Each structure stands twice: as C-alpha cells, then as structure tokens.
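Asks: Got a structure for you, my_file-v8.pdb, holding PDB, C-alpha atoms and all ligand atoms.
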```pdb
ATOM      1  CA  MET A   1      93.377  81.431  82.093
ATOM      2  CA  GLN A   2      92.723  84.661  80.173
ATOM      3  CA  LYS A   3      95.531  87.095  79.447
ATOM      4  CA  VAL A   4      95.131  90.572  80.989
ATOM      5  CA  ARG A   5      94.999  92.999  78.062
ATOM      6  CA  LYS A   6      92.471  95.698  79.009
ATOM      7  CA  GLY A   7      92.846  98.614  81.408
ATOM      8  CA  VAL A   8      90.504 101.174  82.979
ATOM      9  CA  ILE A   9      91.577 104.645  84.109
ATOM     10  CA  THR A  10      88.979 106.784  85.887
ATOM     11  CA  VAL A  11      89.329 110.501  85.219
ATOM     12  CA  ALA A  12      85.808 111.813  85.836
ATOM     13  CA  GLY A  13      86.333 113.492  89.235
ATOM     14  CA  LEU A  14      85.865 117.236  89.675
ATOM     15  CA  GLY A  15      89.376 118.001  90.917
ATOM     16  CA  THR A  16      88.096 120.644  93.336
ATOM     17  CA  ARG A  17      91.403 120.810  95.212
ATOM     18  CA  PHE A  18      93.006 122.375  92.142
ATOM     19  CA  LEU A  19      90.354 124.973  91.370
ATOM     20  CA  PRO A  20      90.516 127.373  89.609
ATOM     21  CA  ALA A  21      93.198 125.555  87.510
ATOM     22  CA  THR A  22      90.786 122.668  86.919
ATOM     23  CA  LYS A  23      87.751 124.749  85.993
ATOM     24  CA  ALA A  24      88.298 124.151  82.279
ATOM     25  CA  MET A  25      91.209 121.695  82.370
ATOM     26  CA  PRO A  26      91.244 118.107  83.665
ATOM     27  CA  LYS A  27      93.235 117.615  86.860
ATOM     28  CA  GLU A  28      94.787 114.517  85.244
ATOM     29  CA  MET A  29      96.300 116.766  82.532
ATOM     30  CA  LEU A  30      98.289 118.857  85.025
ATOM     31  CA  PRO A  31     101.949 118.489  84.070
ATOM     32  CA  VAL A  32     104.727 116.822  86.014
ATOM     33  CA  LEU A  33     107.540 118.627  84.200
ATOM     34  CA  ASP A  34     106.592 118.325  80.509
ATOM     35  CA  LYS A  35     104.213 115.352  80.688
ATOM     36  CA  PRO A  36     100.641 115.233  82.005
ATOM     37  CA  VAL A  37     100.003 113.002  85.026
ATOM     38  CA  VAL A  38      97.723 110.655  83.098
ATOM     39  CA  GLN A  39     100.418 109.940  80.482
ATOM     40  CA  TYR A  40     102.651 108.429  83.186
ATOM     41  CA  ILE A  41      99.787 106.035  84.003
ATOM     42  CA  VAL A  42      99.136 105.140  80.361
ATOM     43  CA  GLU A  43     102.871 104.475  79.886
ATOM     44  CA  GLU A  44     102.835 102.182  82.928
ATOM     45  CA  MET A  45      99.903 100.213  81.490
ATOM     46  CA  VAL A  46     101.407  99.950  78.008
ATOM     47  CA  ALA A  47     104.770  98.840  79.429
ATOM     48  CA  SER A  48     102.830  96.143  81.298
ATOM     49  CA  GLY A  49     101.368  94.691  78.088
ATOM     50  CA  ILE A  50      97.951  96.403  78.143
ATOM     51  CA  THR A  51      96.707  96.955  74.573
ATOM     52  CA  GLU A  52      93.256  98.516  75.151
ATOM     53  CA  ILE A  53      92.587 101.332  77.611
ATOM     54  CA  ILE A  54      89.206 102.816  78.447
ATOM     55  CA  PHE A  55      89.023 106.190  80.154
ATOM     56  CA  VAL A  56      85.981 106.924  82.264
ATOM     57  CA  THR A  57      85.660 110.644  81.600
ATOM     58  CA  SER A  58      83.191 113.495  82.031
ATOM     59  CA  SER A  59      82.157 116.519  80.016
ATOM     60  CA  GLN A  60      85.107 118.602  81.287
ATOM     61  CA  LYS A  61      87.761 116.104  80.182
ATOM     62  CA  ARG A  62      87.938 116.389  76.386
ATOM     63  CA  ALA A  63      91.583 117.462  76.567
ATOM     64  CA  ILE A  64      92.494 113.880  77.542
ATOM     65  CA  GLU A  65      91.006 112.529  74.285
ATOM     66  CA  ASP A  66      92.856 115.179  72.280
ATOM     67  CA  HIS A  67      96.119 114.450  74.068
ATOM     68  CA  PHE A  68      96.159 110.763  73.154
ATOM     69  CA  ASP A  69      94.878 111.312  69.594
ATOM     70  CA  ARG A  70      97.236 111.800  66.636
ATOM     71  CA  ASP A  71      97.511 115.365  65.276
ATOM     72  CA  PRO A  72      98.849 115.251  61.678
ATOM     73  CA  ASP A  73      99.188 119.064  61.352
ATOM     74  CA  LEU A  74     101.272 119.355  64.511
ATOM     75  CA  GLU A  75     103.329 116.300  63.510
ATOM     76  CA  HIS A  76     104.133 117.811  60.073
ATOM     77  CA  PHE A  77     105.002 121.140  61.659
ATOM     78  CA  LEU A  78     107.350 119.548  64.208
ATOM     79  CA  GLU A  79     108.855 117.311  61.514
ATOM     80  CA  ASP A  80     109.712 120.429  59.429
ATOM     81  CA  LYS A  81     111.225 122.190  62.436
ATOM     82  CA  GLY A  82     113.274 119.123  63.455
ATOM     83  CA  LYS A  83     111.381 118.909  66.750
ATOM     84  CA  ILE A  84     109.374 115.726  66.262
ATOM     85  CA  SER A  85     111.285 114.040  69.098
ATOM     86  CA  LYS A  86     109.213 116.174  71.522
ATOM     87  CA  ILE A  87     106.091 114.118  70.806
ATOM     88  CA  LYS A  88     107.639 110.887  69.517
ATOM     89  CA  PRO A  89     106.946 108.967  72.777
ATOM     90  CA  LEU A  90     103.284 109.927  72.498
ATOM     91  CA  ILE A  91     103.117 108.823  68.840
ATOM     92  CA  ASP A  92     104.778 105.509  69.778
ATOM     93  CA  LEU A  93     102.224 105.001  72.567
ATOM     94  CA  SER A  94      99.321 105.440  70.175
ATOM     95  CA  LYS A  95     100.753 102.661  67.978
ATOM     96  CA  LYS A  96     100.840 100.190  70.870
ATOM     97  CA  VAL A  97      97.445 100.771  72.482
ATOM     98  CA  ARG A  98      93.874 101.565  71.436
ATOM     99  CA  PHE A  99      92.008 104.180  73.450
ATOM    100  CA  PHE A 100      88.306 104.121  74.259
ATOM    101  CA  TYR A 101      86.199 106.596  76.193
ATOM    102  CA  THR A 102      82.995 106.408  78.168
ATOM    103  CA  ARG A 103      81.335 108.959  80.395
ATOM    104  CA  GLN A 104      80.390 109.013  84.031
ATOM    105  CA  SER A 105      77.591 111.577  83.889
ATOM    106  CA  GLU A 106      77.783 112.426  87.607
ATOM    107  CA  PRO A 107      80.814 112.067  89.911
ATOM    108  CA  LEU A 108      79.219 109.500  92.206
ATOM    109  CA  GLY A 109      82.495 107.938  93.373
ATOM    110  CA  ASN A 110      85.350 105.829  92.007
ATOM    111  CA  GLY A 111      83.358 102.569  92.313
ATOM    112  CA  HIS A 112      80.540 104.068  90.268
ATOM    113  CA  ALA A 113      83.095 105.352  87.736
ATOM    114  CA  LEU A 114      84.617 101.905  87.299
ATOM    115  CA  LEU A 115      81.173 100.370  86.781
ATOM    116  CA  CYS A 116      80.746 102.660  83.745
ATOM    117  CA  ALA A 117      83.425 100.517  81.995
ATOM    118  CA  LYS A 118      81.650  97.185  82.584
ATOM    119  CA  GLU A 119      80.294  96.679  79.038
ATOM    120  CA  PHE A 120      83.674  97.451  77.505
ATOM    121  CA  ILE A 121      85.563  95.025  79.723
ATOM    122  CA  GLY A 122      83.037  92.154  79.702
ATOM    123  CA  ASP A 123      84.136  88.979  81.473
ATOM    124  CA  GLU A 124      87.888  89.442  81.029
ATOM    125  CA  PRO A 125      90.300  90.125  83.871
ATOM    126  CA  PHE A 126      91.505  93.740  83.663
ATOM    127  CA  VAL A 127      93.683  96.315  85.369
ATOM    128  CA  PHE A 128      92.449  99.444  87.058
ATOM    129  CA  SER A 129      94.178 102.685  88.023
ATOM    130  CA  ASP A 130      92.892 105.993  89.265
ATOM    131  CA  GLY A 131      93.943 108.965  87.155
ATOM    132  CA  ASP A 132      96.033 110.898  89.628
ATOM    133  CA  SER A 133      98.732 108.656  91.067
ATOM    134  CA  ILE A 134     102.167 107.999  89.606
ATOM    135  CA  ILE A 135     104.386 105.138  90.717
ATOM    136  CA  ASP A 136     108.062 105.376  89.844
ATOM    137  CA  SER A 137     109.504 101.872  89.631
ATOM    138  CA  LYS A 138     112.042  99.788  87.710
ATOM    139  CA  VAL A 139     109.423  97.229  86.659
ATOM    140  CA  PRO A 140     106.014  98.832  85.988
ATOM    141  CA  VAL A 141     103.783  98.160  89.007
ATOM    142  CA  ILE A 142     100.916  96.897  86.897
ATOM    143  CA  LYS A 143     103.295  94.370  85.340
ATOM    144  CA  GLN A 144     104.298  93.234  88.850
ATOM    145  CA  LEU A 145     100.605  92.732  89.727
ATOM    146  CA  ILE A 146      99.770  90.904  86.497
ATOM    147  CA  LYS A 147     102.573  88.457  87.329
ATOM    148  CA  VAL A 148     100.829  87.724  90.643
ATOM    149  CA  PHE A 149      97.461  87.398  88.886
ATOM    150  CA  ASP A 150      98.915  84.910  86.377
ATOM    151  CA  LYS A 151     100.117  82.744  89.247
ATOM    152  CA  GLU A 152      97.171  83.070  91.623
ATOM    153  CA  ASN A 153      94.241  83.497  89.202
ATOM    154  CA  ALA A 154      92.645  85.957  91.641
ATOM    155  CA  SER A 155      92.137  89.704  91.973
ATOM    156  CA  VAL A 156      95.240  91.566  93.154
ATOM    157  CA  ILE A 157      95.847  94.961  94.740
ATOM    158  CA  GLY A 158      99.204  96.753  94.902
ATOM    159  CA  VAL A 159     100.094  97.801  98.454
ATOM    160  CA  GLN A 160     102.865  99.624 100.268
ATOM    161  CA  LYS A 161     104.189  98.814 103.715
ATOM    162  CA  ILE A 162     104.709 101.755 106.061
ATOM    163  CA  ALA A 163     105.710 101.881 109.725
ATOM    164  CA  ASN A 164     104.149 105.184 110.834
ATOM    165  CA  LYS A 165     100.748 104.361 112.366
ATOM    166  CA  GLU A 166      99.619 107.978 112.392
ATOM    167  CA  ALA A 167     100.309 108.218 108.642
ATOM    168  CA  MET A 168      98.411 104.976 108.054
ATOM    169  CA  THR A 169      95.160 106.555 109.273
ATOM    170  CA  LYS A 170      95.176 108.811 106.181
ATOM    171  CA  TYR A 171      95.021 105.898 103.712
ATOM    172  CA  GLY A 172      92.966 102.861 102.836
ATOM    173  CA  ASN A 173      94.393  99.977 104.924
ATOM    174  CA  VAL A 174      94.649  96.366 103.813
ATOM    175  CA  TYR A 175      94.435  93.434 106.252
ATOM    176  CA  GLY A 176      95.432  89.889 105.461
ATOM    177  CA  LYS A 177      97.510  86.802 105.986
ATOM    178  CA  SER A 178     101.145  86.986 104.922
ATOM    179  CA  LEU A 179     102.196  84.218 102.516
ATOM    180  CA  GLY A 180     105.803  85.427 102.310
ATOM    181  CA  LYS A 181     107.569  86.957  99.295
ATOM    182  CA  LYS A 182     105.614  90.228  99.737
ATOM    183  CA  LEU A 183     102.343  88.419  99.067
ATOM    184  CA  TYR A 184      99.227  88.468 101.280
ATOM    185  CA  LYS A 185      95.788  86.902 101.124
ATOM    186  CA  VAL A 186      93.444  89.809 101.822
ATOM    187  CA  THR A 187      90.771  89.485 104.479
ATOM    188  CA  ASP A 188      89.608  93.118 104.738
ATOM    189  CA  PHE A 189      89.933  96.634 103.388
ATOM    190  CA  LYS A 190      89.253  99.634 105.623
ATOM    191  CA  GLU A 191      89.239 103.259 104.495
ATOM    192  CA  LYS A 192      91.135 105.604 106.864
ATOM    193  CA  PRO A 193      90.880 103.551 110.099
ATOM    194  CA  THR A 194      91.533 104.978 113.559
ATOM    195  CA  ILE A 195      95.068 104.614 114.937
ATOM    196  CA  ASN A 196      94.056 101.614 117.084
ATOM    197  CA  ASP A 197      92.643  99.865 114.083
ATOM    198  CA  VAL A 198      95.366 100.222 111.425
ATOM    199  CA  SER A 199      96.644  97.196 109.483
ATOM    200  CA  PRO A 200      99.038  95.211 111.758
ATOM    201  CA  ASP A 201     101.197  94.469 108.704
ATOM    202  CA  GLY A 202     101.433  98.197 107.862
ATOM    203  CA  LEU A 203      99.755  97.733 104.474
ATOM    204  CA  ILE A 204      98.249 100.776 102.780
ATOM    205  CA  VAL A 205      96.789 101.469  99.364
ATOM    206  CA  GLY A 206      99.330 103.881  97.939
ATOM    207  CA  GLY A 207      98.371 104.610  94.341
ATOM    208  CA  MET A 208      95.344 102.659  93.273
ATOM    209  CA  ARG A 209      96.522  99.724  91.192
ATOM    210  CA  TYR A 210      94.367  96.620  90.891
ATOM    211  CA  VAL A 211      93.930  93.570  88.704
ATOM    212  CA  PHE A 212      90.272  92.508  88.901
ATOM    213  CA  THR A 213      88.463  89.385  87.835
ATOM    214  CA  LYS A 214      84.905  89.682  86.497
ATOM    215  CA  ASP A 215      83.620  88.997  90.041
ATOM    216  CA  ILE A 216      83.898  92.719  90.841
ATOM    217  CA  TRP A 217      81.011  93.650  88.513
ATOM    218  CA  ASN A 218      78.085  92.025  90.390
ATOM    219  CA  ILE A 219      79.414  93.455  93.617
ATOM    220  CA  LEU A 220      79.747  96.971  92.218
ATOM    221  CA  GLU A 221      76.239  96.764  90.777
ATOM    222  CA  SER A 222      74.739  96.124  94.197
ATOM    223  CA  GLN A 223      77.198  98.309  96.130
ATOM    224  CA  LYS A 224      75.416 100.772  98.404
ATOM    225  CA  THR A 225      76.596 104.354  98.746
ATOM    226  CA  GLY A 226      79.137 104.887 101.502
ATOM    227  CA  ARG A 227      81.063 107.866 102.880
ATOM    228  CA  ASP A 228      80.028 111.260 101.388
ATOM    229  CA  GLY A 229      77.168 109.553  99.534
ATOM    230  CA  GLU A 230      79.593 108.058  96.984
ATOM    231  CA  ILE A 231      80.048 104.492  95.724
ATOM    232  CA  TRP A 232      83.542 103.471  96.802
ATOM    233  CA  LEU A 233      85.693 100.911  95.053
ATOM    234  CA  SER A 234      87.330  99.985  98.375
ATOM    235  CA  ASP A 235      83.903  98.933  99.781
ATOM    236  CA  ALA A 236      83.326  96.702  96.751
ATOM    237  CA  ALA A 237      86.865  95.289  96.995
ATOM    238  CA  ASN A 238      86.201  94.518 100.657
ATOM    239  CA  THR A 239      83.075  92.534  99.745
ATOM    240  CA  LEU A 240      84.999  90.736  97.002
ATOM    241  CA  ALA A 241      87.752  89.771  99.456
ATOM    242  CA  HIS A 242      85.085  88.229 101.739
ATOM    243  CA  LYS A 243      83.704  86.132  98.876
ATOM    244  CA  LYS A 244      86.712  85.169  96.730
ATOM    245  CA  LYS A 245      90.449  84.800  96.870
ATOM    246  CA  PHE A 246      91.959  88.305  96.749
ATOM    247  CA  MET A 247      95.712  88.906  96.894
ATOM    248  CA  ALA A 248      97.759  91.932  97.948
ATOM    249  CA  TYR A 249     101.281  92.428  96.666
ATOM    250  CA  GLU A 250     103.864  94.788  98.177
ATOM    251  CA  TYR A 251     105.126  96.288  94.953
ATOM    252  CA  GLU A 252     108.589  97.690  94.301
ATOM    253  CA  GLY A 253     108.240 101.403  93.538
ATOM    254  CA  ILE A 254     107.692 104.862  94.975
ATOM    255  CA  TYR A 255     104.146 106.145  94.986
ATOM    256  CA  PHE A 256     103.361 109.799  94.260
ATOM    257  CA  ASP A 257      99.975 111.383  94.799
ATOM    258  CA  THR A 258      99.262 114.294  92.461
ATOM    259  CA  GLY A 259      95.794 115.190  93.758
ATOM    260  CA  ASN A 260      96.745 118.233  95.834
ATOM    261  CA  LYS A 261      99.144 121.177  95.496
ATOM    262  CA  LEU A 262     101.918 119.996  97.803
ATOM    263  CA  ALA A 263     101.848 116.424  96.498
ATOM    264  CA  LEU A 264     102.034 117.552  92.859
ATOM    265  CA  LEU A 265     104.985 119.802  93.701
ATOM    266  CA  LYS A 266     106.778 116.950  95.491
ATOM    267  CA  THR A 267     106.195 114.689  92.480
ATOM    268  CA  ALA A 268     107.597 117.308  90.101
ATOM    269  CA  ILE A 269     110.727 117.730  92.264
ATOM    270  CA  HIS A 270     111.297 113.959  92.317
ATOM    271  CA  PHE A 271     111.177 113.734  88.527
ATOM    272  CA  ALA A 272     113.144 116.981  88.063
ATOM    273  CA  LYS A 273     116.015 115.434  90.032
ATOM    274  CA  LYS A 274     116.105 112.609  87.477
ATOM    275  CA  ASP A 275     115.708 114.809  84.396
ATOM    276  CA  THR A 276     119.024 115.115  82.521
ATOM    277  CA  GLU A 277     118.108 118.581  81.206
ATOM    278  CA  ILE A 278     117.380 120.249  84.552
ATOM    279  CA  LYS A 279     118.653 118.035  87.365
ATOM    280  CA  ASP A 280     121.662 120.249  88.099
ATOM    281  CA  GLN A 281     119.662 123.467  88.288
ATOM    282  CA  ILE A 282     116.929 121.971  90.460
ATOM    283  CA  GLU A 283     119.242 121.628  93.456
ATOM    284  CA  GLU A 284     120.076 125.371  93.175
ATOM    285  CA  LEU A 285     116.387 126.163  92.908
ATOM    286  CA  LEU A 286     115.581 124.195  96.039
ATOM    287  CA  VAL A 287     117.936 126.234  98.223
ATOM    288  CA  TYR A 288     116.476 129.475  96.828
TER
HETATM  289  P1  LIG B   1      89.671 112.030  93.828
HETATM  290  O1  LIG B   1      89.184 111.271  94.991
HETATM  291  O2  LIG B   1      91.006 112.679  93.961
HETATM  292  O3  LIG B   1      88.561 113.129  93.463
HETATM  293  O4  LIG B   1      89.657 111.080  92.584
HETATM  294  P2  LIG B   1      88.597 114.312  92.424
HETATM  295  O5  LIG B   1      87.189 114.716  92.179
HETATM  296  O6  LIG B   1      89.375 113.962  91.203
HETATM  297  O7  LIG B   1      89.406 115.488  93.153
HETATM  298  P3  LIG B   1      88.984 116.465  94.374
HETATM  299  O8  LIG B   1      88.944 115.599  95.594
HETATM  300  O9  LIG B   1      87.642 117.093  94.054
HETATM  301  O10 LIG B   1      90.075 117.486  94.408
HETATM  302  C1  LIG B   1      90.659 110.113  92.315
HETATM  303  C2  LIG B   1      90.526 109.663  90.884
HETATM  304  O11 LIG B   1      89.239 109.063  90.660
HETATM  305  C3  LIG B   1      88.529 109.742  89.643
HETATM  306  C4  LIG B   1      89.199 111.116  89.531
HETATM  307  O12 LIG B   1      89.071 111.686  88.244
HETATM  308  C5  LIG B   1      90.647 110.826  89.884
HETATM  309  O13 LIG B   1      91.380 110.408  88.764
HETATM  310  N1  LIG B   1      87.087 109.823  90.003
HETATM  311  C6  LIG B   1      86.714 110.184  91.258
HETATM  312  C7  LIG B   1      86.135 109.548  89.060
HETATM  313  O14 LIG B   1      86.460 109.198  87.899
HETATM  314  N2  LIG B   1      84.810 109.636  89.388
HETATM  315  C8  LIG B   1      84.402 109.996  90.642
HETATM  316  O15 LIG B   1      83.170 110.053  90.881
HETATM  317  C9  LIG B   1      85.382 110.266  91.597
END
```
Would you give me this structure, written as structure tokens?
Replies:
Amino acid sequence: MQKVRKGVITVAGLGTRFLPATKAMPKEMLPVLDKPVVQYIVEEMVASGITEIIFVTSSQKRAIEDHFDRDPDLEHFLEDKGKISKIKPLIDLSKKVRFFYTRQSEPLGNGHALLCAKEFIGDEPFVFSDGDSIIDSKVPVIKQLIKVFDKENASVIGVQKIANKEAMTKYGNVYGKSLGKKLYKVTDFKEKPTINDVSPDGLIVGGMRYVFTKDIWNILESQKTGRDGEIWLSDAANTLAHKKKFMAYEYEGIYFDTGNKLALLKTAIHFAKKDTEIKDQIEELLVY
C-alpha cells in the first residue's frame, strides 16, 4: 500500500463574505492572531507527514505563494534585529515540505478546484483540506485520518458528532454503519438535509478533511454541476461511497470555521485564550 505524502489545499474561492477585505487579499490569508488561516492548515499537514502540498489558487491569491516562499532580505533584516524567531516556524516549515501551485481559472466549486490538482497527484492516495477551516487537536486530524487509511486502505473523511438536529441542517451530513471505535462505513453524504432527514448518528462534516484514493478522479471528471451551478466535492464523495469502501472517522479535535466574520472572531478568541502573550488580557477584553 502506498504511503500518503501529498496534500491538496483549495484556496481559489472568491471569499465574498469578507468583501471588501478580500478584494485584493486572499480570504485564507486573514490572520487568526499573528498567523494566517492557511498556515494552520499547512502546519497540520506537515505534522501529519505530508511532504508535498499543492495549492489550487486563482489570480487574486499570489500572497499565499509569497507567504510560503523564503525571503532572504527579510530574514537578514530580522537576524540583525534579533527578531528572527518571529518567522522561524515558517522557515522550518519550508524545509519540511515542497509547495506547488496550480490555478482554477473560474470558481466553479470545490470539486472542480480539487480536479485541477489531478495531474500533480497522479494515482497516489492523498489528503485534501479546504483553505478556511482550522481544527485544534492534540494529534493533527489529518494524521488521525491517515492512520485509518493505512488500516482500511480506503478513502476516509473526518467527521464530528453533534446532538442538535437543527444545527445539523446547516452542514453536510454523513450516513453510515457504525463499526465501533469512532469508525463508520459511509453509505451516503447529503449536503444540508432537512431536519427530518439528518444523519441518525449525528455525523457532520466539520472542517473538510479527507484522505482520497485515486478512485475520486474518474468520478470528479464526470461529476455534473449541482447546487448553485457548482461542482461539489460532497456529490463526488457520495458517488464514491456508493461504489467503493469509504470510511468516516470521528476525529478528536475542535473545528473552527473561518469563512465568515463571526466565525473568524470566535476562532481568534479561542486561540487568544491559549496564547501565553495575551491570554490574561483577553478575558478583560471580553467583558469590555
Ligand atoms: P467557500 O465555500 O467558503 O467559498 O470555499 P469562498 O468563495 O471561499 O467564500 P464565499 O462563500 O464567497 O465567502 C471553501 C474553500 O474552498 C475554496 C475556497 O478558496 C475556500 O478555501 N474554493 C471554493 C475553491 O478553491 N474553488 C471554488 O470554486 C470554491
């Protein structure tokens, strides 16, 4: 069985919910404290053993390439000022992983965006994440999913279990047979079902984290447009689950959306409470 070593992160969306901030700046570069959202995702992949990452970008997203590239002038400057520790984690990242970029010329949906990485990935199993969700966990979530893949030799999705049925209607739901130990064999995926139709196991897609086998490519290539005229990864994953073994794993970790104002603020507060520099002041700020 092949080792999972490549990852795809899609960052080609328009980010309209953050306009005008995202007119000239990628939504995935918005900071959570002093680190852009997408760096949290890259760190999760690298800590999971991924050594090659391809970003599916668009013309507005050059800042992501610059962020992950080395900058000798800045490094010398910071070295002289004794401030190199500010970007040391980023320098260390760039030594552990190689970055590649491809473009999605039109934002035709996350399934279409993933398909843009097909030639780069080839026949290998790979991990996928969207570019705007952070999962805070002891063991990186992607590492947890790769462990399942290594055992099951099948595609895997990370899921969360929630009890509130009303809340479940706002997410992609996952249906399947429980195999115990937080593992399920998926039968169906449904995007935002009605309250009478939510997953009986309470499984939702919180933070898109997948391990895919090469079987996803043929399906994506023939995937018809769905809701809003876009090609959805969840539709393709649903077809894949009907054809091949597809596992869901209830990961350990807290999922944070960063795709809208309130969610990004909530994410920042969570990490601020853990930040040694500002955690004491943040409580005062919150009662302000
Ligand atoms: P969203 O569904 O949040 O869409 O994308 P968006 O365009 O970024 O934001 P809004 O809804 O206009 O505010 C989730 C992730 O999938 C990527 C986005 O860049 C983001 O990281 N994506 C989405 C693509 O790469 N291509 C697409 O066609 C759609």
Asks: Please write out the residues within 6 Å of ligand LIG 1 (chain B) as a list in words, counting only C-alpha atoms and all ligand atoms.
Replies: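 Checked against 6 Å with only C-alpha atoms and all ligand atoms; the hits are Thr10, Val11, Ala12, Gly13, Leu14, Gly15, Thr16, Arg17, Pro107, Leu108, Gly109, Asn110, Ala113, Asp130, Gly131, Asp132 and Gly259 of chain A.
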Asks: Skipping near chain neighbours, those fewer than 2 positions away, what residues fall within 12 Å of Glu166 (chain A) using only C-alpha atoms, listed as an NGL selection string?
Replies: :A and (162-164 or 168-171 or 192-199 or 202)
Asks: Write out, as a short mmCIF file (atom, residue, chain, number, x, y, z; two decimals), in the coordinates of the input, the residues just selected, with C-alpha atoms.
Replies:
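Here's the written file selection.cif:
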```cif
data_model
loop_
_atom_site.label_atom_id
_atom_site.label_comp_id
_atom_site.auth_asym_id
_atom_site.auth_seq_id
_atom_site.Cartn_x
_atom_site.Cartn_y
_atom_site.Cartn_z
CA ILE A 162 104.71 101.76 106.06
CA ALA A 163 105.71 101.88 109.72
CA ASN A 164 104.15 105.18 110.83
CA MET A 168 98.41 104.98 108.05
CA THR A 169 95.16 106.56 109.27
CA LYS A 170 95.18 108.81 106.18
CA TYR A 171 95.02 105.90 103.71
CA LYS A 192 91.14 105.60 106.86
CA PRO A 193 90.88 103.55 110.10
CA THR A 194 91.53 104.98 113.56
CA ILE A 195 95.07 104.61 114.94
CA ASN A 196 94.06 101.61 117.08
CA ASP A 197 92.64 99.86 114.08
CA VAL A 198 95.37 100.22 111.42
CA SER A 199 96.64 97.20 109.48
CA GLY A 202 101.43 98.20 107.86
#
```
Asks: I need the residue set behind the PyMOL selection byres (((chain A and resi 146) around 12) and not hetatm) for this file; please write it as a count of residues only.
Replies: 43
Asks: So what do you get for CA of Asp188 (chain A) versus CA of Gln104 (chain A), distance-wise?
Replies: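 It comes out at 27.7 Å.
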Asks: Determine, counting all atoms listed in the file, which protein, DNA and RNA residues have an atom within 12 Å of an atom of Glu284 (chain A); residues of the same chain fewer than 5 positions away are not included. Present the result as an MDAnalysis selection string.
Replies: chainID A and resid 273 278:279
Asks: When you count only C-alpha atoms, which of these residues is closest to Phe246 (chain A): A:Glu75, A:Asp215, A:Glu124, A:Glu277?
Replies: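 Looking at the shortest contact to Phe246 (chain A), the residue is A:Asp215.
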Asks: Taking into account only C-alpha atoms, which residue in the set A:Gly122, A:Val38, A:Pro72, A:Ser133 is nearest to Asn260 (chain A)?
Replies: A:Ser133
